[in-house]
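Single-structure report; data block below.
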Amino acid sequence: MSAEAPITQDVVTIPRKLPEGPVNIVGLTRDGLRAALIDAGTPEKQARMRVDQIWQWVYFRGVRDFGAMTNLSKAYRADLAERFVIVVPEVVSREVSADGTRKYLVRIAGGHEVETVYIPEEDRGTLCISSQVGCTLTCSFCHTGTQKLVRNLTPGEIVGQIMLARDDLGEWPEPGVGSGEAGPRLLSNIVLMGMGEPLYNFEAVRDAMRIAMDGEGISLSRRRITLSTSGVVPEIARTAEEIGCMLAVSFHGTTDEIRNKLVPINKRWPLAELLEVLRAYPKLSNSERITFEYVMLKGVNDSDADARRLVKLIAGIPAKINLIPFNEWPSAPYERSDWDRIEAFANIVHRAGYASPIRTPRGEDIMAACGQLKSATERARKGRTEIAAEAGLTPR
Ligand code: SAH
Ligand code: SF4
């Protein structure tokens, strides 16, 4: 690891107090729920069936009240209500963009806040969820990376974002309506592209995604879940094996020199190591291709030579290259590449045989676009000079 600039910033890590009082059902794995029910007095022989029943109420029907679980006896419902709760994070505010994007400011235990964004498109509805408050990494073009306060979200807080969005969209099946009978889903896809580095909170993200994929509940296919990582190399194979979802990687630079500045985790795991694990991912996870995210920064990583180097580096990896026009945020030390430049870059990638969609910025008017998320409660914002210095740049 290089000694010059820190990969992780001077973060304040919040100690997690063990929860007291009733246990929240949301976020427990099936095994965890079974153990908790037995612990609360449910006979072992019945525990599996109870898990199935409660699971369906919570994750298929969206029920938050034990009283409504009509296939359980009244006495058992009352017992459950004494020992457990069913809670999802609270929505503090909801903003709707002119383009229909919805940004939720979500409060989690301890009063911390994260953001969740719903992006409706013609053929799908994507929910962008957060996995940490802030981020310990310091990518120089990312607003979230300037937030100093960091804590990992719990599985309940991660899957809870899906549930609160379904609440807001009114998307729990009506009584009597079975799975798949309610027409196309408003919330059909998940991207772990909100605040935080999901692979620095691996177990919680894995457990939450397993809950989201469970066929008796929210039932989203693993192909409709995309996890985006800045390149935490040792956890990538684990993602394939233990989650099996689609992978996106924040690539952004085609030489170690550029990528060290943009995505400082590259100093820890440089391009060669990253590419090696990426090469193995599609086979390991049985997914078709990897998404390479590439933010277009004027004069920094957007030349024809960059585009050519990119296609050379990824040769042989089934891939799609998602070009993201840089989204501005206050004091950002970069500018978005000109449109002609982005198109020229896209053409080179396209001619090399890769899909190279240019991601249309969504929800910019409400600061909901990629890399703009940062909770308003956290005001210890770094100044432009500090950010630029960390990235080894001269402020413009
Ligand atoms: N921490 C993870 C996931 C969250 S970021 C990761 O880095 O992959 C989601 C995507 O938005 C990443 O590709 C990130 O590099 C990109 N991004 C961050 N800031 C951005 C900005 N200001 N403009 C455009 N894209 C940005
Ligand atoms: Fe963290 Fe991702 Fe932002 Fe980098 S781009 S600072 S890893 S959230």
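In the structure tokens, the first chain shown is A, the next is B, and so on; residue numbers restart at 1 for each chain, and ligands run from 1 in the order shown.
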
Could you pull out the strand (DSSP E) residues of segment 140-298 of chain A, going by DSSP on the backbone, and write them as a ChimeraX atom specification?
/A:149-152,189-192,225-229,246-250,290-296

Give me, as a tab-separated table, each residue of chain A that comes within 6 Å of ligand 2, together with its shortest interatomic pair and the distance in Å at one decimal, counting only C-alpha atoms and all ligand atoms, with rows ordered by chain and rising residue number.
```
residue	atom	partner	partner_atom_place_in_ligand_line	distance
A:Cys135	CA	ligand 2	1 (Fe)	4.7
A:Leu137	CA	ligand 2	6 (S)	4.6
A:Thr138	CA	ligand 2	6 (S)	4.5
A:Cys139	CA	ligand 2	4 (Fe)	4.2
A:Cys142	CA	ligand 2	3 (Fe)	4.6
A:Thr144	CA	ligand 2	3 (Fe)	5.1
A:Gly145	CA	ligand 2	6 (S)	3.6
A:Met195	CA	ligand 2	8 (S)	5.1
A:Gly196	CA	ligand 2	8 (S)	4.4
A:Glu197	CA	ligand 2	7 (S)	4.9
A:Ser230	CA	ligand 2	7 (S)	4.9
```

Need to verify the contact set: Gly231 of chain A, 12 Å, only C-alpha atoms, exclusion of same-chain residues closer than 3 positions in sequence. Can you return it as a PyMOL selection string?
chain A and resi 137+139+197-200+227-228+234-237+239+247-252+259-260+263-278+292-293

Residues of the last selection are to be written out with C-alpha atoms, as a compact mmCIF listing (two decimals), in the first residue's frame.
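Dumped everything to result.txt:
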```
# COMPACT_ATOMS: atom_id res chain seq x y z
CA LEU A 137 -13.24 5.45 0.59
CA CYS A 139 -12.93 8.68 -4.66
CA GLU A 197 -19.02 0.58 -0.55
CA PRO A 198 -21.18 -2.57 -0.39
CA LEU A 199 -18.20 -4.91 -0.21
CA TYR A 200 -16.99 -3.18 2.97
CA LEU A 227 -23.83 -4.64 -6.88
CA SER A 228 -21.38 -1.87 -7.66
CA PRO A 234 -10.82 -10.07 -2.06
CA GLU A 235 -14.62 -9.83 -1.77
CA ILE A 236 -15.44 -10.08 -5.48
CA ALA A 237 -15.20 -13.86 -5.77
CA THR A 239 -19.90 -11.95 -4.12
CA LEU A 247 -21.54 -7.04 -10.77
CA ALA A 248 -20.65 -3.49 -11.72
CA VAL A 249 -17.22 -2.09 -11.14
CA SER A 250 -16.29 1.57 -10.82
CA PHE A 251 -13.45 1.47 -13.30
CA HIS A 252 -12.98 5.11 -14.30
CA ARG A 259 -7.00 5.35 -11.28
CA ASN A 260 -4.95 5.92 -8.12
CA VAL A 263 -10.38 5.63 -7.08
CA PRO A 264 -7.67 5.50 -4.40
CA ILE A 265 -8.47 1.90 -3.45
CA ASN A 266 -6.53 1.18 -6.64
CA LYS A 267 -3.36 1.74 -4.62
CA ARG A 268 -4.30 -1.26 -2.53
CA TRP A 269 -5.60 -3.40 -5.40
CA PRO A 270 -4.23 -2.14 -8.71
CA LEU A 271 -5.68 -2.72 -12.17
CA ALA A 272 -3.90 -6.01 -12.86
CA GLU A 273 -5.27 -7.62 -9.68
CA LEU A 274 -8.72 -6.18 -10.24
CA LEU A 275 -8.90 -7.41 -13.82
CA GLU A 276 -7.85 -10.87 -12.78
CA VAL A 277 -10.77 -11.33 -10.39
CA LEU A 278 -13.17 -9.68 -12.82
CA PHE A 292 -17.80 -1.33 -16.23
CA GLU A 293 -18.79 2.09 -14.92
```

Please provide the set of residues having any atom within 9 Å of Arg341 of chain A, restricted to only C-alpha atoms, with same-chain residues fewer than 4 positions apart removed, written as a VMD selection string.
chain A and resid 296 298 302 to 304 337 345 to 346

With DSSP run on the backbone, what are the alpha helix (DSSP H) residues within segment 127-361 of chain A? I'd like them as a ChimeraX atom specification.
/A:155-169,202-213,233-242,256-262,271-285,304-313,339-351

Which one is closest to ligand 1: A:Trp329, A:Tyr104, A:Trp172, A:Phe202? Count only C-alpha atoms and all ligand atoms.
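Closest candidate: A:Trp329.
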
Contacts of segment 34-44 of chain A at 9 Å (only C-alpha atoms; same-chain gap of 2+ positions) as a list in words:
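In the requested format, the answer is Val23, Ile25, Leu28, Thr29, Arg30, Asp31, Gly32, Gln46, Ala47, Arg48, Arg50, Val51, Tyr76, Asp79, Leu80 and Arg83 of chain A.
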
Measure the distance from atom CA of Val92 of chain A to atom CA of Ile54 of chain A in Å and round it to one decimal.
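Computing it gives 27.5 Å between the two atoms.
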
Kindly give the distance, in Å, that separates atom CA of Val58 of chain A and atom CA of Ile218 of chain A, rounded to a single decimal.
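Result for atom CA of Val58 of chain A versus atom CA of Ile218 of chain A: 9.3 Å, one decimal.
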
Minimum-distance residue to ligand 1, chosen among A:Asp52, A:Glu115, A:Asp207, A:Glu90 (using only C-alpha atoms and all ligand atoms):
A:Glu115

Hey, what's within 10 Å of Gly316 of chain A if we count only C-alpha atoms and toss same-chain stuff fewer than 4 positions away? As JSON, numbers by chain, please?
{"A": [279, 311, 312]}

To one decimal place, how far is atom CA of Arg64 of chain A from atom CA of Val91 of chain A in Å?
15.5 Å

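Residue nearest Asn152 of chain A, chosen from A:Glu288, A:Tyr118, A:Glu203, A:Leu127 and counting only C-alpha atoms: A:Glu203.
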
With a distance cut-off of 8 Å and only C-alpha atoms, select the neighbouring residues of Val133 of chain A, excluding the residue or stretch itself and same-chain residues fewer than 4 positions from it, and output the selection as a list in words.
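Everything that qualifies: His112, Glu113, Val114, Leu149, Val150, Arg151, Asn152, Leu153, Met195 and Gly196 of chain A.
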